[in-house]
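Below is one structure; the comments refer to it alone.
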Amino acid sequence: MENSKIVDQKLNQIFSMVKKIDFSRTAEILGIREYNGSLIVDFYNRQIIFSQDGINDAQGLPLTEAVKDVLCQYLLMCPEPTCESSNKLVTLREFSGSGPLFSRFTANTGKIIETTYSGNLEKLIARCLALGGTIIKNASYDLSARFEALSRIPLFLNFNDKEDMLPASAGFLFQDNADQYLDLKSLSSLCTYLTGQLIQEIS
């Protein structure tokens, strides 16, 4: 209960900071929408509404504290001006400041997808499409999919199914400017959220 109170207090503090930002300028830089004094943020295949009253899913679905925290950080870290990508794709651990913790995190999220979908490539493709992912042609992988985690922050999933003696492999990639829009902890949360959504159907 005490931990829950601490999390609530932290979120309230962060949200009070969000309410003070210039919604119009933030919307312009991030490529999101402003409507009637609220910001509408596309989070994967969901729409999240930021108003002076709070953070809510447009369809009334619940939002975890972790997701709310990521969305607040996204607005607060809005760069000035827009930070363009060189279109180079990198792993989470390639960003400056990433340490052993993020290397272990990357391995763990990949392992979950590998274990869940080893021998089930078609199911993974179907699940990616159901979550709004776009399948990309990539000769190096059995599946490459792009997800619009947030505007300006696409997230890429690469997957190779098991073959002969080789086990399945999976990994996430970001564009090289993603850390200008979100801190590493929040970027890792984007991977965690998507992993949870990907395995939800068959878990």
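Residues are named by chain letter and number: chains run A, B, ... in the order of the structure tokens, numbers start at 1 in each chain, and ligands are numbered from 1 in the order shown.
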Near-range 144-159 of chain A list (6 Å; only C-alpha atoms; drop same-chain fewer than 3 positions) as a list in words: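 What passes the distance filter is Asp42, Phe43, Tyr44, Gly133, Thr134, Ile135, Ile136, Tyr141, Ser169, Ala170, Gly171, Phe172, Leu173, Phe174 and Ala178 of chain A.
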Expected file contents, prior selection, N, CA and C atoms, as a PDB file, in the first residue's frame:
ATOM      1  N   ASP A  42      -1.194   8.963 -29.889  1.00  0.00           N
ATOM      2  CA  ASP A  42      -1.328   7.584 -30.360  1.00  0.00           C
ATOM      3  C   ASP A  42      -0.242   6.743 -29.707  1.00  0.00           C
ATOM      4  N   PHE A  43      -0.672   5.765 -28.926  1.00  0.00           N
ATOM      5  CA  PHE A  43       0.235   4.856 -28.220  1.00  0.00           C
ATOM      6  C   PHE A  43      -0.025   3.451 -28.746  1.00  0.00           C
ATOM      7  N   TYR A  44       0.854   2.988 -29.634  1.00  0.00           N
ATOM      8  CA  TYR A  44       0.601   1.754 -30.373  1.00  0.00           C
ATOM      9  C   TYR A  44      -0.760   1.871 -31.056  1.00  0.00           C
ATOM     10  N   GLY A 133       0.899  -3.451 -36.272  1.00  0.00           N
ATOM     11  CA  GLY A 133       2.248  -3.486 -36.821  1.00  0.00           C
ATOM     12  C   GLY A 133       2.245  -3.557 -38.338  1.00  0.00           C
ATOM     13  N   THR A 134       3.316  -3.076 -38.932  1.00  0.00           N
ATOM     14  CA  THR A 134       3.507  -3.137 -40.383  1.00  0.00           C
ATOM     15  C   THR A 134       4.633  -4.111 -40.687  1.00  0.00           C
ATOM     16  N   ILE A 135       4.359  -5.104 -41.518  1.00  0.00           N
ATOM     17  CA  ILE A 135       5.377  -6.088 -41.867  1.00  0.00           C
ATOM     18  C   ILE A 135       6.323  -5.490 -42.905  1.00  0.00           C
ATOM     19  N   ILE A 136       7.623  -5.619 -42.651  1.00  0.00           N
ATOM     20  CA  ILE A 136       8.654  -5.052 -43.516  1.00  0.00           C
ATOM     21  C   ILE A 136       9.451  -6.184 -44.155  1.00  0.00           C
ATOM     22  N   TYR A 141      15.680 -11.730 -41.880  1.00  0.00           N
ATOM     23  CA  TYR A 141      14.795 -12.234 -40.834  1.00  0.00           C
ATOM     24  C   TYR A 141      13.540 -12.869 -41.419  1.00  0.00           C
ATOM     25  N   SER A 169      15.175 -16.593 -32.495  1.00  0.00           N
ATOM     26  CA  SER A 169      15.810 -15.386 -31.953  1.00  0.00           C
ATOM     27  C   SER A 169      14.919 -14.180 -32.212  1.00  0.00           C
ATOM     28  N   ALA A 170      14.915 -13.252 -31.270  1.00  0.00           N
ATOM     29  CA  ALA A 170      14.076 -12.057 -31.398  1.00  0.00           C
ATOM     30  C   ALA A 170      14.773 -10.869 -30.756  1.00  0.00           C
ATOM     31  N   GLY A 171      14.526  -9.694 -31.288  1.00  0.00           N
ATOM     32  CA  GLY A 171      15.124  -8.489 -30.724  1.00  0.00           C
ATOM     33  C   GLY A 171      14.400  -7.237 -31.167  1.00  0.00           C
ATOM     34  N   PHE A 172      14.504  -6.196 -30.344  1.00  0.00           N
ATOM     35  CA  PHE A 172      13.879  -4.908 -30.641  1.00  0.00           C
ATOM     36  C   PHE A 172      14.932  -3.894 -31.073  1.00  0.00           C
ATOM     37  N   LEU A 173      14.538  -3.000 -31.967  1.00  0.00           N
ATOM     38  CA  LEU A 173      15.406  -1.922 -32.428  1.00  0.00           C
ATOM     39  C   LEU A 173      14.643  -0.602 -32.420  1.00  0.00           C
ATOM     40  N   PHE A 174      15.384   0.478 -32.159  1.00  0.00           N
ATOM     41  CA  PHE A 174      14.851   1.837 -32.236  1.00  0.00           C
ATOM     42  C   PHE A 174      15.631   2.620 -33.283  1.00  0.00           C
ATOM     43  N   ALA A 178      15.906   7.968 -30.803  1.00  0.00           N
ATOM     44  CA  ALA A 178      14.832   7.690 -29.844  1.00  0.00           C
ATOM     45  C   ALA A 178      15.145   8.210 -28.446  1.00  0.00           C
TER      46      ALA A 178
END
Could you give me, as a tab-separated table, every range 114-191 of chain A residue with an atom at most 10 Å from range 58-76 of chain A, plus its closest atom pair and distance in Å to one decimal, counting only C-alpha atoms, rows ordered by chain then number?
residue	atom	partner	partner_atom	distance
A:Leu150	CA	A:Tyr74	CA	8.6
A:Ser151	CA	A:Tyr74	CA	9.8
A:Ile153	CA	A:Tyr74	CA	9.9
A:Gln180	CA	A:Tyr74	CA	9.8
A:Tyr181	CA	A:Tyr74	CA	6.3
A:Leu182	CA	A:Tyr74	CA	5.7
A:Asp183	CA	A:Gln73	CA	7.8
A:Lys185	CA	A:Val70	CA	8.6
A:Ser186	CA	A:Val70	CA	5.3
A:Leu187	CA	A:Val70	CA	8.1
A:Ser188	CA	A:Val70	CA	9.8
A:Ser189	CA	A:Val70	CA	7.4
A:Leu190	CA	A:Val70	CA	8.0
Residue contacts of Ser85 in chain A (7 Å, only C-alpha atoms) excluding same-chain residues fewer than 5 positions away, as a list in words: Gln175, Asp176 and Asn177 of chain A
Write to file, as a PDB file, in the first residue's frame, the residues of the selection just made, with N, CA and C atoms.
ATOM      1  N   GLN A 175      15.055   3.708 -33.765  1.00  0.00           N
ATOM      2  CA  GLN A 175      15.844   4.641 -34.558  1.00  0.00           C
ATOM      3  C   GLN A 175      16.843   5.319 -33.630  1.00  0.00           C
ATOM      4  N   ASP A 176      17.957   5.779 -34.205  1.00  0.00           N
ATOM      5  CA  ASP A 176      19.065   6.265 -33.379  1.00  0.00           C
ATOM      6  C   ASP A 176      18.792   7.568 -32.633  1.00  0.00           C
ATOM      7  N   ASN A 177      17.642   8.200 -32.878  1.00  0.00           N
ATOM      8  CA  ASN A 177      17.315   9.431 -32.157  1.00  0.00           C
ATOM      9  C   ASN A 177      16.287   9.210 -31.057  1.00  0.00           C
TER      10      ASN A 177
END
Shortest interatomic distance to Phe105 in chain A - which of A:Gln13, A:Asn120, A:Thr192, A:Asn56, counting only C-alpha atoms: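 Residue with the minimum atom-to-atom distance to Phe105 in chain A: A:Thr192.
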Point-to-point distance in Å for CA of Leu92 in chain A and CA of Leu124 in chain A: 22.0 Å
Among listed residues A:Ile14, A:Ile125, A:Leu184, A:Ile48, nearest Arg33 in chain A (using only C-alpha atoms):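 Counting only C-alpha atoms, the residue closest to Arg33 in chain A is A:Ile48.
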Shell around Phe15 in chain A at 8 Å using only C-alpha atoms, local window under 3 positions removed, as a PyMOL selection string: chain A and resi 11-12+18-19+54+72
Output file for the selection above: N, CA and C atoms, as a compact mmCIF listing (two decimals), in the first residue's frame:
# COMPACT_ATOMS: atom_id res chain seq x y z
N LEU A 11 3.46 10.22 -9.78
CA LEU A 11 2.70 10.49 -10.99
C LEU A 11 1.99 11.84 -10.92
N ASN A 12 1.45 12.15 -9.76
CA ASN A 12 0.79 13.44 -9.59
C ASN A 12 1.76 14.59 -9.79
N VAL A 18 3.39 18.28 -16.53
CA VAL A 18 2.85 18.17 -17.89
C VAL A 18 1.81 19.26 -18.15
N LYS A 19 1.00 19.56 -17.16
CA LYS A 19 -0.07 20.55 -17.34
C LYS A 19 0.47 21.95 -17.62
N GLY A 54 -6.60 14.89 -16.36
CA GLY A 54 -5.89 13.63 -16.19
C GLY A 54 -5.50 12.98 -17.50
N CYS A 72 3.89 10.60 -19.80
CA CYS A 72 4.24 11.91 -19.22
C CYS A 72 5.68 12.27 -19.58
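Of the residues in range 36-67 of chain A, those given strand (DSSP E) by DSSP on the backbone are A:Ser38, A:Leu39, A:Ile40, A:Val41, A:Asp42, A:Phe43, A:Arg46, A:Gln47, A:Ile48, A:Ile49, A:Phe50, A:Ser51, A:Gly54, A:Ile55, A:Asn56, A:Asp57.
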Selection above as a file: C-alpha atoms, as a PDB file, in the first residue's frame:
ATOM      1  CA  SER A  38      -6.299  18.396 -24.821  1.00  0.00           C
ATOM      2  CA  LEU A  39      -3.483  16.415 -26.396  1.00  0.00           C
ATOM      3  CA  ILE A  40      -4.314  13.193 -28.235  1.00  0.00           C
ATOM      4  CA  VAL A  41      -1.407  10.759 -28.273  1.00  0.00           C
ATOM      5  CA  ASP A  42      -1.328   7.584 -30.360  1.00  0.00           C
ATOM      6  CA  PHE A  43       0.235   4.856 -28.220  1.00  0.00           C
ATOM      7  CA  ARG A  46      -4.557   3.088 -28.663  1.00  0.00           C
ATOM      8  CA  GLN A  47      -5.464   6.758 -28.337  1.00  0.00           C
ATOM      9  CA  ILE A  48      -4.573   8.468 -25.066  1.00  0.00           C
ATOM     10  CA  ILE A  49      -6.045  11.831 -24.104  1.00  0.00           C
ATOM     11  CA  PHE A  50      -4.155  14.331 -21.933  1.00  0.00           C
ATOM     12  CA  SER A  51      -6.363  17.021 -20.447  1.00  0.00           C
ATOM     13  CA  GLY A  54      -5.886  13.633 -16.192  1.00  0.00           C
ATOM     14  CA  ILE A  55      -4.639  10.928 -18.552  1.00  0.00           C
ATOM     15  CA  ASN A  56      -7.269   8.650 -20.043  1.00  0.00           C
ATOM     16  CA  ASP A  57      -7.661   6.017 -22.734  1.00  0.00           C
TER      17      ASP A  57
END
Residue list (helix (DSSP H, G or I), DSSP) for range 66-184 of chain A, as a PyMOL selection string: chain A and resi 66-76+92-94+100-117+121-130+178-180+184
Selection from above, N, CA and C atoms, as a compact mmCIF listing (two decimals), in the first residue's frame, can you write it?
# COMPACT_ATOMS: atom_id res chain seq x y z
N ALA A 66 2.78 2.46 -15.07
CA ALA A 66 4.01 2.47 -15.88
C ALA A 66 3.77 3.15 -17.22
N VAL A 67 2.62 2.87 -17.85
CA VAL A 67 2.30 3.49 -19.13
C VAL A 67 2.08 4.99 -18.95
N LYS A 68 1.38 5.38 -17.90
CA LYS A 68 1.15 6.80 -17.64
C LYS A 68 2.48 7.53 -17.46
N ASP A 69 3.40 6.89 -16.75
CA ASP A 69 4.70 7.50 -16.52
C ASP A 69 5.45 7.70 -17.84
N VAL A 70 5.43 6.69 -18.71
CA VAL A 70 6.09 6.80 -20.01
C VAL A 70 5.49 7.94 -20.82
N LEU A 71 4.18 8.03 -20.84
CA LEU A 71 3.51 9.06 -21.64
C LEU A 71 3.82 10.47 -21.11
N CYS A 72 3.89 10.60 -19.80
CA CYS A 72 4.24 11.91 -19.22
C CYS A 72 5.68 12.27 -19.58
N GLN A 73 6.59 11.32 -19.45
CA GLN A 73 7.99 11.58 -19.80
C GLN A 73 8.12 11.97 -21.27
N TYR A 74 7.32 11.34 -22.11
CA TYR A 74 7.32 11.63 -23.55
C TYR A 74 7.00 13.10 -23.81
N LEU A 75 6.02 13.62 -23.12
CA LEU A 75 5.65 15.02 -23.31
C LEU A 75 6.67 15.96 -22.68
N LEU A 76 7.18 15.59 -21.51
CA LEU A 76 8.13 16.45 -20.81
C LEU A 76 9.49 16.51 -21.51
N LEU A 92 18.68 -1.16 -27.71
CA LEU A 92 18.60 -0.32 -26.51
C LEU A 92 19.97 -0.14 -25.87
N ARG A 93 20.76 -1.20 -25.86
CA ARG A 93 22.06 -1.12 -25.18
C ARG A 93 23.10 -0.30 -25.95
N GLU A 94 22.77 0.10 -27.19
CA GLU A 94 23.71 0.92 -27.97
C GLU A 94 23.57 2.41 -27.66
N PRO A 100 24.80 -2.70 -18.08
CA PRO A 100 24.50 -4.14 -18.03
C PRO A 100 23.02 -4.44 -17.79
N LEU A 101 22.35 -3.58 -17.00
CA LEU A 101 20.94 -3.81 -16.70
C LEU A 101 20.11 -3.84 -17.98
N PHE A 102 20.40 -2.93 -18.90
CA PHE A 102 19.63 -2.87 -20.15
C PHE A 102 20.00 -4.02 -21.07
N SER A 103 21.23 -4.50 -20.99
CA SER A 103 21.62 -5.67 -21.78
C SER A 103 20.83 -6.89 -21.33
N ARG A 104 20.70 -7.06 -20.01
CA ARG A 104 19.93 -8.18 -19.48
C ARG A 104 18.46 -8.03 -19.83
N PHE A 105 17.95 -6.79 -19.76
CA PHE A 105 16.55 -6.54 -20.11
C PHE A 105 16.29 -6.92 -21.56
N THR A 106 17.18 -6.49 -22.46
CA THR A 106 17.02 -6.79 -23.88
C THR A 106 16.99 -8.29 -24.11
N ALA A 107 17.87 -9.02 -23.43
CA ALA A 107 17.92 -10.47 -23.58
C ALA A 107 16.64 -11.12 -23.06
N ASN A 108 16.12 -10.61 -21.96
CA ASN A 108 14.93 -11.20 -21.35
C ASN A 108 13.68 -11.01 -22.20
N THR A 109 13.48 -9.79 -22.73
CA THR A 109 12.29 -9.56 -23.55
C THR A 109 12.36 -10.37 -24.83
N GLY A 110 13.55 -10.46 -25.42
CA GLY A 110 13.71 -11.28 -26.61
C GLY A 110 13.42 -12.74 -26.32
N LYS A 111 13.89 -13.22 -25.16
CA LYS A 111 13.70 -14.62 -24.79
C LYS A 111 12.21 -14.96 -24.64
N ILE A 112 11.44 -14.03 -24.10
CA ILE A 112 10.00 -14.27 -23.93
C ILE A 112 9.33 -14.50 -25.28
N ILE A 113 9.66 -13.66 -26.25
CA ILE A 113 9.07 -13.79 -27.59
C ILE A 113 9.58 -15.06 -28.27
N GLU A 114 10.85 -15.34 -28.11
CA GLU A 114 11.43 -16.55 -28.71
C GLU A 114 10.73 -17.80 -28.19
N THR A 115 10.55 -17.86 -26.87
CA THR A 115 9.93 -19.03 -26.25
C THR A 115 8.47 -19.17 -26.66
N THR A 116 7.77 -18.04 -26.71
CA THR A 116 6.34 -18.06 -27.02
C THR A 116 6.06 -18.44 -28.47
N TYR A 117 6.88 -17.93 -29.38
CA TYR A 117 6.57 -18.09 -30.80
C TYR A 117 7.51 -19.01 -31.57
N LEU A 121 5.60 -19.02 -36.30
CA LEU A 121 5.85 -17.78 -37.04
C LEU A 121 4.56 -17.13 -37.53
N GLU A 122 3.67 -17.92 -38.10
CA GLU A 122 2.43 -17.36 -38.66
C GLU A 122 1.58 -16.72 -37.58
N LYS A 123 1.58 -17.31 -36.39
CA LYS A 123 0.82 -16.71 -35.28
C LYS A 123 1.42 -15.37 -34.86
N LEU A 124 2.74 -15.29 -34.87
CA LEU A 124 3.40 -14.03 -34.52
C LEU A 124 3.09 -12.96 -35.56
N ILE A 125 3.12 -13.33 -36.83
CA ILE A 125 2.78 -12.37 -37.89
C ILE A 125 1.36 -11.86 -37.70
N ALA A 126 0.43 -12.78 -37.44
CA ALA A 126 -0.97 -12.39 -37.25
C ALA A 126 -1.13 -11.48 -36.04
N ARG A 127 -0.39 -11.79 -34.97
CA ARG A 127 -0.49 -10.97 -33.75
C ARG A 127 0.08 -9.58 -34.00
N CYS A 128 1.18 -9.49 -34.72
CA CYS A 128 1.77 -8.18 -35.05
C CYS A 128 0.78 -7.33 -35.84
N LEU A 129 0.13 -7.93 -36.82
CA LEU A 129 -0.84 -7.20 -37.63
C LEU A 129 -2.04 -6.77 -36.79
N ALA A 130 -2.47 -7.63 -35.88
CA ALA A 130 -3.62 -7.31 -35.02
C ALA A 130 -3.32 -6.12 -34.11
N ALA A 178 15.91 7.97 -30.80
CA ALA A 178 14.83 7.69 -29.84
C ALA A 178 15.14 8.21 -28.45
N ASP A 179 16.44 8.18 -28.08
CA ASP A 179 16.80 8.64 -26.73
C ASP A 179 16.72 10.15 -26.58
N GLN A 180 16.46 10.87 -27.67
CA GLN A 180 16.22 12.31 -27.58
C GLN A 180 14.76 12.60 -27.24
N LEU A 184 16.04 6.08 -21.26
CA LEU A 184 16.23 4.66 -21.51
C LEU A 184 15.23 3.79 -20.76
Pairwise distance for CA of Lys137 in chain A and CA of Asp161 in chain A, rounded to one decimal in Å: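 We find that CA of Lys137 in chain A and CA of Asp161 in chain A lie 15.5 Å from each other.
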Coordinates-based distance that separates CA of Asn138 in chain A from CA of Lys162 in chain A (Å, one decimal):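 Pair CA of Lys162 in chain A / CA of Asn138 in chain A returns 16.9 Å.
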